Structures are given as C-alpha cells and as structure tokens.
>>> print(open('input-v3.cif').read())   # mmCIF, C-alpha atoms and all ligand atoms
data_structure
loop_
_atom_site.label_atom_id
_atom_site.label_comp_id
_atom_site.auth_asym_id
_atom_site.auth_seq_id
_atom_site.Cartn_x
_atom_site.Cartn_y
_atom_site.Cartn_z
CA MET A 1455 -29.22 -70.88 89.29
CA ARG A 1456 -31.00 -67.52 89.65
CA VAL A 1457 -34.56 -66.97 88.44
CA LEU A 1458 -36.39 -63.66 88.46
CA GLY A 1459 -40.14 -64.08 89.07
CA ILE A 1460 -42.92 -61.57 88.38
CA GLU A 1461 -46.39 -61.82 89.95
CA GLY A 1462 -49.42 -59.72 89.07
CA THR A 1463 -52.65 -61.71 88.89
CA ALA A 1464 -54.75 -59.21 90.87
CA TRP A 1465 -53.63 -56.90 93.69
CA ALA A 1466 -49.92 -57.62 94.31
CA ALA A 1467 -47.38 -56.12 91.91
CA SER A 1468 -44.42 -58.21 92.95
CA ALA A 1469 -41.00 -59.29 91.71
CA ALA A 1470 -38.51 -61.70 93.30
CA LEU A 1471 -35.14 -63.30 92.84
CA PHE A 1472 -34.72 -66.98 93.74
CA ASP A 1473 -31.11 -68.02 94.07
CA THR A 1474 -30.70 -71.79 94.45
CA GLU A 1475 -27.10 -71.36 95.55
CA ALA A 1476 -27.62 -68.74 98.29
CA GLU A 1477 -25.83 -69.60 101.51
CA ASP A 1478 -28.86 -69.72 103.75
CA ASP A 1479 -32.61 -70.02 103.25
CA ALA A 1480 -33.31 -66.45 104.33
CA ASP A 1481 -31.12 -65.12 101.50
CA SER A 1482 -32.40 -67.45 98.82
CA ILE A 1483 -35.63 -65.56 98.05
CA PHE A 1484 -35.62 -61.76 97.79
CA ILE A 1485 -39.06 -60.19 97.20
CA ASP A 1486 -40.24 -56.65 96.56
CA SER A 1487 -44.01 -56.06 96.38
CA ASP A 1488 -46.32 -53.08 96.00
CA PRO A 1489 -49.94 -53.88 96.87
CA TYR A 1490 -52.96 -52.20 95.28
CA GLN A 1491 -55.34 -50.77 97.89
CA PRO A 1492 -58.77 -49.80 96.53
CA GLU A 1493 -59.97 -46.43 97.79
CA SER A 1494 -63.43 -47.89 98.31
CA GLY A 1495 -65.18 -51.19 97.58
CA GLY A 1496 -63.34 -54.26 96.32
CA ILE A 1497 -60.69 -54.82 93.66
CA HIS A 1498 -61.57 -52.90 90.50
CA PRO A 1499 -59.90 -54.60 87.47
CA ARG A 1500 -59.10 -51.36 85.61
CA GLU A 1501 -57.68 -49.65 88.69
CA ALA A 1502 -55.73 -52.79 89.59
CA ALA A 1503 -54.24 -52.84 86.07
CA GLU A 1504 -53.31 -49.13 86.35
CA HIS A 1505 -51.58 -49.91 89.62
CA MET A 1506 -49.80 -52.86 87.99
CA ALA A 1507 -48.54 -50.66 85.12
CA ASP A 1508 -47.17 -48.10 87.62
CA ALA A 1509 -45.71 -50.54 90.14
CA ILE A 1510 -44.27 -53.44 88.11
CA PRO A 1511 -41.30 -51.50 86.63
CA ALA A 1512 -40.27 -50.30 90.10
CA VAL A 1513 -40.39 -53.73 91.78
CA ILE A 1514 -38.48 -55.28 88.86
CA ASP A 1515 -35.83 -52.54 89.12
CA SER A 1516 -35.45 -53.18 92.81
CA VAL A 1517 -34.94 -56.93 92.21
CA LEU A 1518 -32.46 -56.23 89.40
CA ASP A 1519 -30.52 -53.95 91.79
CA HIS A 1520 -30.47 -56.79 94.32
CA ALA A 1521 -29.35 -59.20 91.57
CA VAL A 1522 -26.44 -56.91 90.68
CA ALA A 1523 -25.50 -56.35 94.33
CA THR A 1524 -25.39 -60.10 95.02
CA SER A 1525 -23.59 -61.09 91.82
CA GLU A 1526 -19.87 -61.73 91.62
CA THR A 1527 -19.64 -60.34 88.10
CA GLY A 1528 -21.32 -56.96 88.58
CA ALA A 1529 -24.01 -58.04 86.07
CA PRO A 1530 -27.45 -59.28 87.24
CA THR A 1531 -26.65 -62.94 86.26
CA ILE A 1532 -30.18 -64.19 85.82
CA ASP A 1533 -30.83 -67.55 84.16
CA ALA A 1534 -34.55 -67.21 83.40
CA VAL A 1535 -37.57 -64.93 83.84
CA ALA A 1536 -40.76 -66.52 85.20
CA PHE A 1537 -44.16 -64.83 85.28
CA SER A 1538 -47.68 -65.57 86.50
CA ARG A 1539 -49.55 -66.57 83.35
CA GLY A 1540 -52.92 -67.06 85.07
CA PRO A 1541 -55.47 -67.47 86.53
CA GLY A 1542 -56.22 -63.85 87.34
CA LEU A 1543 -57.55 -60.56 86.04
CA GLY A 1544 -56.86 -60.25 82.30
CA PRO A 1545 -55.87 -56.54 82.34
CA CYS A 1546 -53.30 -57.19 85.11
CA LEU A 1547 -51.94 -60.39 83.55
CA ARG A 1548 -51.39 -58.66 80.21
CA ILE A 1549 -49.13 -56.06 81.86
CA VAL A 1550 -47.14 -58.72 83.69
CA GLY A 1551 -46.82 -60.83 80.52
CA THR A 1552 -45.54 -57.85 78.54
CA ALA A 1553 -43.02 -56.94 81.25
CA ALA A 1554 -41.77 -60.55 81.47
CA ARG A 1555 -41.39 -60.96 77.71
CA SER A 1556 -39.47 -57.73 77.29
CA LEU A 1557 -37.23 -58.45 80.30
CA ALA A 1558 -36.43 -61.98 79.07
CA GLN A 1559 -35.57 -60.62 75.64
CA THR A 1560 -33.45 -57.80 77.06
CA LEU A 1561 -31.51 -60.21 79.30
CA ASP A 1562 -31.51 -62.82 76.52
CA VAL A 1563 -32.72 -65.60 78.83
CA PRO A 1564 -35.61 -68.11 78.59
CA LEU A 1565 -39.15 -67.26 79.62
CA VAL A 1566 -41.19 -69.51 81.97
CA GLY A 1567 -45.00 -69.28 82.23
CA VAL A 1568 -46.19 -70.25 85.72
CA ASN A 1569 -49.66 -71.25 86.88
CA HIS A 1570 -50.33 -69.06 89.93
CA MET A 1571 -52.35 -71.73 91.80
CA VAL A 1572 -49.72 -74.44 91.25
CA ALA A 1573 -47.16 -71.91 92.55
CA HIS A 1574 -49.22 -71.52 95.78
CA LEU A 1575 -48.87 -75.32 96.19
CA GLU A 1576 -45.23 -75.66 95.15
CA ILE A 1577 -43.92 -73.01 97.57
CA GLY A 1578 -45.39 -75.08 100.42
CA ARG A 1579 -43.96 -78.30 99.00
CA TYR A 1580 -40.53 -76.68 98.54
CA GLN A 1581 -40.39 -75.19 102.04
CA SER A 1582 -41.85 -78.20 103.88
CA GLY A 1583 -39.78 -80.77 102.02
CA PHE A 1584 -42.96 -82.86 101.72
CA ASP A 1585 -42.92 -85.35 98.88
CA SER A 1586 -46.46 -85.43 97.52
CA PRO A 1587 -48.83 -83.41 99.71
CA VAL A 1588 -52.47 -82.57 99.24
CA CYS A 1589 -52.76 -78.77 99.03
CA LEU A 1590 -55.62 -76.62 100.29
CA ASN A 1591 -55.53 -73.41 98.30
CA ALA A 1592 -57.61 -70.88 100.23
CA SER A 1593 -57.11 -67.62 98.39
CA GLY A 1594 -59.09 -64.56 97.38
CA ALA A 1595 -60.43 -65.71 94.03
CA ASN A 1596 -60.13 -69.48 94.49
CA ALA A 1597 -60.71 -72.35 96.91
CA HIS A 1598 -59.74 -75.90 96.03
CA LEU A 1599 -57.96 -79.07 97.09
CA LEU A 1600 -55.19 -80.32 94.81
CA GLY A 1601 -53.56 -83.75 94.77
CA TYR A 1602 -50.95 -85.15 92.40
CA HIS A 1603 -51.74 -88.08 90.11
CA ASN A 1604 -50.27 -89.19 86.79
CA GLY A 1605 -48.37 -86.06 85.85
CA ARG A 1606 -50.94 -83.45 86.92
CA TYR A 1607 -52.26 -81.74 90.01
CA ARG A 1608 -55.87 -82.92 90.04
CA VAL A 1609 -58.64 -80.76 91.49
CA LEU A 1610 -60.08 -83.04 94.17
CA GLY A 1611 -62.68 -80.54 95.36
CA GLU A 1612 -63.45 -76.88 94.77
CA THR A 1613 -65.81 -74.01 95.33
CA MET A 1614 -68.98 -74.15 93.29
CA ASP A 1615 -69.29 -70.36 93.29
CA THR A 1616 -66.96 -67.66 94.65
CA GLY A 1617 -63.43 -67.88 96.02
CA VAL A 1618 -63.22 -68.04 99.82
CA GLY A 1619 -61.50 -64.67 100.34
CA ASN A 1620 -63.82 -62.94 97.88
CA ALA A 1621 -66.81 -64.32 99.80
CA ILE A 1622 -65.47 -62.94 103.09
CA ASP A 1623 -64.66 -59.60 101.42
CA LYS A 1624 -68.22 -59.34 100.07
CA PHE A 1625 -69.58 -59.62 103.59
CA THR A 1626 -67.17 -57.01 104.96
CA ARG A 1627 -68.04 -54.61 102.12
CA HIS A 1628 -71.68 -55.01 103.11
CA VAL A 1629 -70.75 -54.11 106.68
CA GLY A 1630 -68.83 -51.07 105.39
CA TRP A 1631 -65.29 -52.23 106.18
CA SER A 1632 -62.40 -51.43 103.84
CA HIS A 1633 -60.68 -54.04 101.64
CA PRO A 1634 -59.30 -56.58 102.42
CA GLY A 1635 -61.92 -57.87 104.83
CA GLY A 1636 -60.28 -61.15 105.91
CA PRO A 1637 -57.97 -59.70 108.60
CA LYS A 1638 -60.85 -57.61 110.02
CA VAL A 1639 -63.10 -60.66 110.26
CA GLU A 1640 -60.29 -62.51 112.04
CA ARG A 1641 -59.86 -59.70 114.59
CA ALA A 1642 -63.61 -59.26 115.18
CA ALA A 1643 -64.23 -63.02 115.51
CA LYS A 1644 -61.95 -63.19 118.56
CA ASP A 1645 -64.58 -61.30 120.61
CA GLY A 1646 -67.60 -62.96 119.02
CA GLU A 1647 -69.89 -65.84 119.92
CA TYR A 1648 -70.75 -68.46 117.34
CA VAL A 1649 -73.93 -67.91 115.29
CA ASP A 1650 -75.34 -70.63 113.08
CA LEU A 1651 -74.89 -70.16 109.31
CA PRO A 1652 -75.56 -72.59 106.43
CA TYR A 1653 -72.84 -75.24 106.11
CA VAL A 1654 -72.67 -76.31 102.45
CA VAL A 1655 -70.46 -79.24 101.45
CA LYS A 1656 -71.56 -81.44 98.55
CA GLY A 1657 -69.26 -84.42 98.15
CA MET A 1658 -65.84 -82.88 97.67
CA ASP A 1659 -67.14 -79.45 96.66
CA PHE A 1660 -68.36 -76.53 98.71
CA SER A 1661 -70.35 -73.33 98.27
CA PHE A 1662 -70.04 -69.94 99.95
CA SER A 1663 -72.78 -67.84 98.36
CA GLY A 1664 -75.62 -69.03 100.67
CA ILE A 1665 -73.49 -68.41 103.75
CA MET A 1666 -72.71 -64.89 102.58
CA SER A 1667 -76.39 -64.08 101.97
CA ALA A 1668 -77.29 -65.49 105.40
CA ALA A 1669 -74.47 -63.51 107.05
CA LYS A 1670 -75.60 -60.30 105.37
CA GLN A 1671 -79.21 -60.98 106.38
CA ALA A 1672 -78.14 -61.69 109.96
CA TYR A 1673 -76.26 -58.40 109.99
CA ASP A 1674 -79.17 -56.44 108.47
CA GLY A 1675 -81.65 -58.10 110.85
CA ARG A 1676 -79.63 -57.26 113.90
CA LYS A 1677 -78.93 -53.80 112.61
CA SER A 1678 -82.62 -53.11 112.08
CA SER A 1679 -83.54 -54.40 115.54
CA ASP A 1680 -80.78 -52.19 116.96
CA ASP A 1681 -82.12 -49.27 114.93
CA PHE A 1682 -85.57 -50.05 116.31
CA ARG A 1683 -84.23 -50.10 119.88
CA ALA A 1684 -82.30 -46.92 119.20
CA HIS A 1685 -85.51 -45.34 117.92
CA GLN A 1686 -87.41 -46.43 121.07
CA ASN A 1687 -84.62 -45.28 123.34
CA SER A 1688 -82.40 -42.56 122.00
CA GLU A 1689 -79.34 -44.05 123.76
CA SER A 1690 -77.59 -46.44 121.40
CA SER A 1691 -77.76 -50.12 122.18
CA GLU A 1692 -74.75 -51.50 124.05
CA ASP A 1693 -74.51 -54.59 121.89
CA ASP A 1694 -74.18 -52.67 118.59
CA GLY A 1695 -70.69 -54.03 117.82
CA GLU A 1696 -71.26 -57.54 119.17
CA ALA A 1697 -73.56 -58.51 116.35
CA VAL A 1698 -70.86 -58.18 113.73
CA GLU A 1699 -68.36 -59.96 115.94
CA ASP A 1700 -70.76 -62.88 116.46
CA ILE A 1701 -71.37 -63.14 112.71
CA CYS A 1702 -67.63 -63.01 112.02
CA CYS A 1703 -67.11 -65.84 114.51
CA GLY A 1704 -69.90 -67.88 112.87
CA LEU A 1705 -68.45 -67.14 109.41
CA GLN A 1706 -64.98 -68.35 110.33
CA GLU A 1707 -66.15 -71.47 112.14
CA THR A 1708 -68.50 -72.41 109.30
CA ILE A 1709 -66.31 -71.66 106.29
CA PHE A 1710 -63.12 -73.04 107.81
CA GLY A 1711 -65.00 -76.08 109.14
CA MET A 1712 -66.11 -76.82 105.56
CA LEU A 1713 -62.57 -76.44 104.20
CA THR A 1714 -61.17 -78.63 106.98
CA GLU A 1715 -63.77 -81.34 106.36
CA VAL A 1716 -62.97 -81.52 102.65
CA ALA A 1717 -59.21 -81.33 103.29
CA GLU A 1718 -59.54 -84.34 105.59
CA ARG A 1719 -61.54 -86.22 102.99
CA ALA A 1720 -58.87 -85.40 100.36
CA LEU A 1721 -56.16 -86.85 102.64
CA SER A 1722 -58.25 -89.96 103.16
CA LEU A 1723 -59.06 -90.33 99.44
CA THR A 1724 -55.46 -90.01 98.31
CA GLY A 1725 -53.93 -91.96 101.21
CA THR A 1726 -51.50 -89.05 101.70
CA ASP A 1727 -50.36 -87.96 105.16
CA GLU A 1728 -49.05 -84.51 104.17
CA LEU A 1729 -51.12 -81.34 103.88
CA VAL A 1730 -49.86 -77.92 102.78
CA LEU A 1731 -51.79 -74.68 102.86
CA GLY A 1732 -51.67 -71.97 100.19
CA GLY A 1733 -53.38 -68.63 99.52
CA GLY A 1734 -54.01 -65.36 101.35
CA VAL A 1735 -56.83 -66.72 103.56
CA GLY A 1736 -54.22 -69.16 104.91
CA GLN A 1737 -52.85 -66.20 106.91
CA ASN A 1738 -55.83 -66.71 109.25
CA ALA A 1739 -54.66 -68.30 112.51
CA ARG A 1740 -58.02 -69.99 113.19
CA LEU A 1741 -57.94 -71.77 109.81
CA ARG A 1742 -54.40 -72.95 110.46
CA GLU A 1743 -55.39 -74.11 113.95
CA MET A 1744 -58.33 -76.16 112.62
CA LEU A 1745 -56.22 -77.79 109.89
CA ALA A 1746 -53.38 -78.53 112.31
CA GLU A 1747 -55.80 -80.16 114.78
CA MET A 1748 -57.38 -82.28 112.06
CA CYS A 1749 -53.95 -83.41 110.81
CA GLU A 1750 -52.75 -84.23 114.30
CA ALA A 1751 -55.87 -86.31 114.98
CA ARG A 1752 -55.24 -88.44 111.89
CA GLY A 1753 -51.45 -88.64 112.22
CA ALA A 1754 -50.76 -86.45 109.18
CA GLU A 1755 -48.20 -83.65 108.87
CA PHE A 1756 -49.32 -80.09 108.22
CA TYR A 1757 -47.30 -77.20 106.79
CA ALA A 1758 -48.34 -73.56 106.37
CA PRO A 1759 -45.79 -71.23 104.74
CA ASP A 1760 -44.99 -67.83 106.28
CA PRO A 1761 -47.67 -65.19 105.57
CA ARG A 1762 -45.44 -63.50 102.96
CA PHE A 1763 -45.49 -66.74 100.94
CA LEU A 1764 -49.23 -67.38 101.48
CA ARG A 1765 -50.59 -64.14 100.04
CA ASP A 1766 -49.81 -63.36 96.39
CA ASN A 1767 -46.04 -62.94 95.99
CA ALA A 1768 -43.42 -63.33 93.29
CA GLY A 1769 -41.24 -65.58 95.47
CA MET A 1770 -43.49 -68.54 94.74
CA ILE A 1771 -43.44 -67.71 91.00
CA ALA A 1772 -39.63 -67.64 91.01
CA VAL A 1773 -39.39 -70.93 92.95
CA LEU A 1774 -41.70 -72.83 90.61
CA GLY A 1775 -40.14 -70.99 87.64
CA ALA A 1776 -36.73 -72.37 88.66
CA LYS A 1777 -38.07 -75.94 88.82
CA MET A 1778 -39.71 -75.58 85.41
CA TYR A 1779 -36.60 -73.99 83.90
CA GLU A 1780 -34.45 -76.85 85.21
CA ALA A 1781 -36.90 -79.30 83.61
CA GLY A 1782 -36.60 -77.48 80.26
CA ASP A 1783 -40.20 -76.26 80.53
CA THR A 1784 -39.73 -72.83 78.93
CA LEU A 1785 -41.93 -70.84 76.55
CA PRO A 1786 -41.21 -69.31 73.17
CA VAL A 1787 -42.33 -65.68 73.28
CA ALA A 1788 -44.81 -66.34 70.46
CA GLU A 1789 -46.59 -68.94 72.63
CA SER A 1790 -46.51 -67.03 75.89
CA SER A 1791 -50.04 -65.58 75.91
CA ILE A 1792 -51.68 -65.15 79.30
CA ASP A 1793 -54.72 -67.21 80.39
CA PRO A 1794 -57.12 -65.58 82.91
CA ASN A 1795 -58.87 -68.96 83.42
CA TYR A 1796 -55.74 -71.14 83.63
CA ARG A 1797 -56.71 -74.13 85.80
CA PRO A 1798 -54.09 -76.02 87.80
CA ASP A 1799 -55.11 -79.34 86.21
CA GLN A 1800 -54.22 -77.96 82.75
CA VAL A 1801 -50.53 -77.87 83.68
CA PRO A 1802 -48.36 -80.87 82.71
CA VAL A 1803 -46.10 -81.30 85.76
CA THR A 1804 -42.70 -81.58 84.12
CA TRP A 1805 -40.49 -80.87 87.13
CA ARG A 1806 -41.13 -83.72 89.60
CA GLY A 1807 -39.49 -86.53 87.64
CA ASP A 1808 -42.27 -88.95 88.66
CA GLU A 1809 -44.87 -88.04 86.03
CA GLU A 1810 -46.51 -91.47 86.03
CA SER A 1811 -47.07 -91.86 89.80
P1 LIG B 1901 -55.70 -65.80 94.06
O1 LIG B 1901 -54.44 -66.31 94.68
O2 LIG B 1901 -56.78 -66.81 93.96
O3 LIG B 1901 -55.46 -65.09 92.77
P2 LIG B 1901 -55.99 -63.21 95.40
O4 LIG B 1901 -55.25 -62.65 94.27
O5 LIG B 1901 -57.23 -62.50 95.80
O6 LIG B 1901 -56.29 -64.74 95.13
P3 LIG B 1901 -54.49 -63.80 97.91
O7 LIG B 1901 -53.34 -62.95 98.31
O8 LIG B 1901 -54.22 -65.26 97.77
O9 LIG B 1901 -55.01 -63.10 96.62
O10 LIG B 1901 -55.65 -63.65 98.97
C1 LIG B 1901 -56.25 -62.41 99.29
C2 LIG B 1901 -57.44 -62.72 100.18
O11 LIG B 1901 -56.98 -63.15 101.47
C3 LIG B 1901 -58.37 -61.56 100.41
O12 LIG B 1901 -59.68 -61.98 100.09
C4 LIG B 1901 -58.23 -61.28 101.91
O13 LIG B 1901 -59.43 -60.82 102.53
C5 LIG B 1901 -57.87 -62.64 102.43
N1 LIG B 1901 -57.17 -62.57 103.72
C6 LIG B 1901 -56.03 -61.90 104.01
N2 LIG B 1901 -55.74 -62.04 105.33
C7 LIG B 1901 -56.71 -62.81 105.88
C8 LIG B 1901 -56.98 -63.29 107.19
N3 LIG B 1901 -56.18 -63.01 108.21
N4 LIG B 1901 -58.09 -64.06 107.36
C9 LIG B 1901 -58.91 -64.37 106.34
N5 LIG B 1901 -58.71 -63.93 105.09
C10 LIG B 1901 -57.62 -63.17 104.86
#
>>> encode(input="input-v3.cif", output="structure tokens")
Amino acid sequence: MRVLGIEGTAWAASAALFDTEAEDDADSIFIDSDPYQPESGGIHPREAAEHMADAIPAVIDSVLDHAVATSETGAPTIDAVAFSRGPGLGPCLRIVGTAARSLAQTLDVPLVGVNHMVAHLEIGRYQSGFDSPVCLNASGANAHLLGYHNGRYRVLGETMDTGVGNAIDKFTRHVGWSHPGGPKVERAAKDGEYVDLPYVVKGMDFSFSGIMSAAKQAYDGRKSSDDFRAHQNSESSEDDGEAVEDICCGLQETIFGMLTEVAERALSLTGTDELVLGGGVGQNARLREMLAEMCEARGAEFYAPDPRFLRDNAGMIAVLGAKMYEAGDTLPVAESSIDPNYRPDQVPVTWRGDEES
C-alpha cells in the first residue's frame, strides 16, 4: 500500500510517500519539506499561508516524481491521500485541505483526514513497536500527555495556557533572537548556570506563562544592571552573555522538569511502561535525557523518534493515513472540512482493532 501524506498546520509545507511494502525501513518513508522562516518575529499566519500556497505544489510534485520513479508501472500508484486536518492555523490548513481534495480527486483515490497531534503519537508508536504507550507531545503550539482508553486517545494532562515551544519562542523573541528559539535556548543553556524560575504543575496540568514572564523579567533586570554598570564604567561588563545563558539553563530545567514530572505521573496513572515523545521540542537533547532517566528509574521503556519525525513532517501524516485507510476510515470530500481546534480526544481510533480496551 502507498499513501501520500500532506502536512501544513503551521510552518512546514511537507509531503511524503509511505510505502508499506518498501524493502527496508529507510526507503519506506520519503519526505520533502519546505519550511517557512519568518523574516522577523514569530510565525505570522498570513505569511505562513502565503508560504504554504507557494511551497505545497512543489513538495507534492517532488513526492509524485518519487512515486513514479519507485513504481513498477510507470504511474504513481498511490492508494490514498492523507492530509493534516487540524489542529493548526486556519489559513494554512485551508490550503492543505484544498490541495489534498484536488489531488485525491485527480488520482481518483480516497481521502483521509488526519489529526496532527495523533500523528505525532502514532509515528512514535509505529517506529518503536510499542503496543499502547503514553505519549508526551511537546510541540510548538501544544503540550499534552495522551493515553489510550476505550477507543480514544485521552488527554491525561495539558498546558493551561501556551504550547511549550511557543512559550520558549516568546522568550527568545524578547531577547532578540530569530525564530525558532528552541535550538538557540538549547545551545545557550549548555554554558549556563541554573536560575530559579516558577515551577507550575497543577495536578496533571501545567502552565508556562508565569515562567515566561519571570524569565523576561530576569533578563530585563540583568540587562538593566549591566547597562547601569556599563554606564558607570564605559567598558562593557564581562558577564553580558552569561545572563541569557543562565536563564536558558533555568528555563530548560524548569519546563522540562515539569513535563517529566507529569509524564511520570501519566505512566503511573495508566499502569503503562512505555513512553513515546512527539513534537518539535522533543528535538531537545536535555528533554530526552530527563525523560530517559525517569523511564529508566521506573523500569519503563522510552522512545524518541528521529528529529525529522519529531518536528512537523508529512511522514507521520502518511503513516497514520495508511492505518486509517486500511481501517476504512476515509472521508467523503463534502465532509472533509478542516478544523483548526481539532483535539486528539475527538478522534475515534478506528485503526488499532482494540477499541474497547
Ligand atoms: P504543533 O505540532 O503543535 O502544530 P508546531 O507546528 O509549532 O507545533 P513543531 O515542529 O512540533 O511545530 O515544533 C516547533 C517548535 O519546536 C518551535 O517552537 C521550536 O522553537 C521548537 N524547537 C525546535 N528545536 C528545538 C530544540 N532543540 N529545543 C527546544 N525547542 C525546539
């Protein structure tokens, strides 16, 4: 079976081909992506949608070329088209939905509407071979723990305000660093010393907005005392850069400590001994280290997909699309509207064959 997936919830215009009969794993998922890079500030929905409109046809063409090149018949031989239906930015989703509908109709194959957050979980489940893991989705616009029960992925805990990556990006914008901020925080934190920031976990939920305000205040406070020193002594202070590095270290330890605490509680609550990681923030080595240590201490298994499957990508859309297609979970075009607020617990899980467990 070969499924073409299209992703475009925010910044990544991406298309992929998942071939369930490819000879080895490396050949089974072919992805082409074109990321949107804001010139300044964070992701601007209109600009992101303009990028999507420009980039989606090209990445689809490249995947169709690959489909032809790897087909025995000289035709693309695609069984279904899957697309990210939500959650995400409405203007971007609408472009992806339109592209998917017209491609499915042109190829005369079924259409599959995929929940982007469930796809972040399912790529980890597929690659790890885990049966029924808890999933920590640590992405730009989201942060939650998912666990399977009675035919749905239940939200066991989630952010009460912003997504984890968006929170980090807000701090780095304040500091004047370009988007995305996460990798820059990771680099800076390596040379930093821990500073105390508010740690906010309430039951199974967590909050990032207070930490971000405190981090910005810590940065402004240090900056103004540096400015003051610079004013007193025209030579610039030697510890100018250290302040940001210390705050980055405190940010990572605090935010990732919160996510690790709630992930552990989710494992304990569900009695599961398998944890998978999903989402772009999962590319952070310190987060993976903390989660791996926690899992080892409690005798659980931990799996983090490769970075290219953690950040937004169409490979995960094609993989879940194939499972849904096999389960007969396809969409008539007339019912294929996008949903910017599509929650993972709205999705009936049709593809596991154990809907009542
Ligand atoms: P969602 O999947 O919820 O729609 P998204 O579309 O923003 O989120 P992702 O690709 O999952 O996209 O995640 C992007 C986020 O990952 C950005 O906020 C970015 O700063 C963050 N990020 C990327 N690399 C790292 C890193 N090494 N450390 C921390 N954060 C990172």
>>> residues_near_ligand(input="input-v3.cif", ligand="ligand LIG 1901 (chain B)", cutoff="9 Å", atoms="all atoms listed in the file", output="ChimeraX atom specification")
/A:1462-1466,1497,1540-1543,1570-1571,1574,1591-1597,1617-1624,1626,1633-1641,1706,1732-1741,1761,1764-1767
>>> axis_aligned_box(input="input-v3.cif", around="range 1562-1575 of chain A", padding_each_side="8 Å", output="JSON")
{"center_x": -41.9, "center_y": -69.1, "center_z": 86.4, "size_x": 36.8, "size_y": 28.5, "size_z": 35.7}
>>> closest_residue(input="input-v3.cif", among="A:Glu1493, A:Glu1780, A:Glu1789, A:Asp1508", to="Val1457 in chain A", atoms="all atoms listed in the file")
A:Glu1780
>>> residues_around(input="input-v3.cif", residues="Ala1669 in chain A", least_positions_apart="6", cutoff="9 Å", atoms="all atoms listed in the file", output="list of chain:residue names")
A:Phe1625, A:Leu1651, A:Ile1701, A:Cys1702, A:Gly1704, A:Leu1705
>>> atom_distance(input="input-v3.cif", atom1="CA of Leu1599 in chain A", atom2="CA of Ala1776 in chain A")
23.8 Å
>>> atom_distance(input="input-v3.cif", atom1="CA of Ala1503 in chain A", atom2="CA of Pro1545 in chain A")
5.5 Å
>>> residues_around(input="input-v3.cif", residues="range 1533-1539 of chain A", least_positions_apart="6", cutoff="9 Å", atoms="only C-alpha atoms", output="PyMOL selection string")
chain A and resi 1455-1463+1547-1548+1550-1551+1553-1555+1557-1558+1561-1570+1573+1768+1771-1772+1774-1776+1779+1784+1790-1794+1796
>>> atom_distance(input="input-v3.cif", atom1="CA of Ala1509 in chain A", atom2="CA of Asp1488 in chain A")
6.4 Å
>>> residues_around(input="input-v3.cif", residues="Arg1579 in chain A", least_positions_apart="6", cutoff="10 Å", atoms="all atoms listed in the file", output="list of chain:residue names")
A:Ala1573, A:Asp1585, A:Ser1586, A:Pro1587, A:Val1588, A:Cys1589, A:Glu1728, A:Leu1729, A:Val1730, A:Leu1731, A:Tyr1757, A:Ala1758, A:Pro1759
>>> residues_around(input="input-v3.cif", residues="Met1712 in chain A", least_positions_apart="6", cutoff="9 Å", atoms="only C-alpha atoms", output="ChimeraX atom specification")
/A:1653-1655,1660
>>> closest_residue(input="input-v3.cif", among="A:Val1629, A:Val1609, A:Val1513, A:Cys1703", to="Met1658 in chain A", atoms="all atoms listed in the file")
A:Val1609
>>> closest_residue(input="input-v3.cif", among="A:Ala1507, A:Ala1754, A:Ala1521, A:Ala1697", to="Ala1476 in chain A", atoms="all atoms listed in the file")
A:Ala1521
>>> residues_around(input="input-v3.cif", residues="Asp1481 in chain A", least_positions_apart="5", cutoff="12 Å", atoms="only C-alpha atoms", output="PyMOL selection string")
chain A and resi 1470-1476+1520-1521+1524+1769
>>> closest_residue(input="input-v3.cif", among="A:Glu1612, A:Ile1514, A:Tyr1580, A:Asp1645", to="Asp1479 in chain A", atoms="only C-alpha atoms")
A:Tyr1580
>>> residues_near_point(input="input-v3.cif", point="(-66.2, -75.0, 95.8)", cutoff="7 Å", atoms="all atoms listed in the file", output="list in words")
Ala1597, His1598, Gly1611, Glu1612, Thr1613, Met1614, Asp1615, Asp1659, Phe1660 and Ser1661 of chain A
>>> closest_residue(input="input-v3.cif", among="A:Gly1675, A:Gly1646, A:Pro1798, A:Gly1601", to="Arg1719 in chain A", atoms="all atoms listed in the file")
A:Gly1601
>>> residues_near_point(input="input-v3.cif", point="(-68.0, -48.9, 102.1)", cutoff="7 Å", atoms="only C-alpha atoms", output="list of chain:residue names")
A:Ser1494, A:Gly1495, A:Arg1627, A:Gly1630, A:Trp1631, A:Ser1632
>>> decode(input="input-v3.cif", residues="range 1518-1556 of chain A", atoms="C-alpha atoms", output="mmCIF file, in the first residue's frame")
data_model
loop_
_atom_site.group_PDB
_atom_site.id
_atom_site.type_symbol
_atom_site.label_atom_id
_atom_site.label_comp_id
_atom_site.auth_asym_id
_atom_site.auth_seq_id
_atom_site.Cartn_x
_atom_site.Cartn_y
_atom_site.Cartn_z
ATOM 1 C CA LEU A 1518 4.772 12.330 -7.091
ATOM 2 C CA ASP A 1519 8.066 12.161 -9.040
ATOM 3 C CA HIS A 1520 9.411 9.803 -6.375
ATOM 4 C CA ALA A 1521 6.195 7.760 -6.567
ATOM 5 C CA VAL A 1522 6.597 7.382 -10.334
ATOM 6 C CA ALA A 1523 10.310 6.555 -10.048
ATOM 7 C CA THR A 1524 9.646 3.811 -7.492
ATOM 8 C CA SER A 1525 6.603 2.312 -9.213
ATOM 9 C CA GLU A 1526 6.739 -0.752 -11.417
ATOM 10 C CA THR A 1527 4.013 0.551 -13.709
ATOM 11 C CA GLY A 1528 5.395 3.999 -14.544
ATOM 12 C CA ALA A 1529 2.300 5.542 -12.895
ATOM 13 C CA PRO A 1530 2.436 6.979 -9.343
ATOM 14 C CA THR A 1531 0.369 4.045 -7.895
ATOM 15 C CA ILE A 1532 -0.997 5.771 -4.833
ATOM 16 C CA ASP A 1533 -3.813 4.177 -2.825
ATOM 17 C CA ALA A 1534 -4.941 7.179 -0.762
ATOM 18 C CA VAL A 1535 -4.176 10.836 0.002
ATOM 19 C CA ALA A 1536 -3.951 11.820 3.681
ATOM 20 C CA PHE A 1537 -3.790 15.399 4.958
ATOM 21 C CA SER A 1538 -3.435 17.225 8.267
ATOM 22 C CA ARG A 1539 -6.973 18.332 9.079
ATOM 23 C CA GLY A 1540 -6.049 20.156 12.297
ATOM 24 C CA PRO A 1541 -5.220 21.487 14.821
ATOM 25 C CA GLY A 1542 -3.315 24.379 13.308
ATOM 26 C CA LEU A 1543 -3.551 27.770 11.663
ATOM 27 C CA GLY A 1544 -6.803 28.043 9.674
ATOM 28 C CA PRO A 1545 -5.314 29.862 6.644
ATOM 29 C CA CYS A 1546 -2.601 27.172 6.275
ATOM 30 C CA LEU A 1547 -4.975 24.249 6.838
ATOM 31 C CA ARG A 1548 -7.367 25.530 4.180
ATOM 32 C CA ILE A 1549 -4.594 25.451 1.555
ATOM 33 C CA VAL A 1550 -3.547 21.937 2.533
ATOM 34 C CA GLY A 1551 -7.174 20.732 2.546
ATOM 35 C CA THR A 1552 -7.768 22.149 -0.923
ATOM 36 C CA ALA A 1553 -4.572 20.576 -2.275
ATOM 37 C CA ALA A 1554 -5.448 17.173 -0.752
ATOM 38 C CA ARG A 1555 -9.017 17.179 -2.075
ATOM 39 C CA SER A 1556 -7.985 18.081 -5.602
#
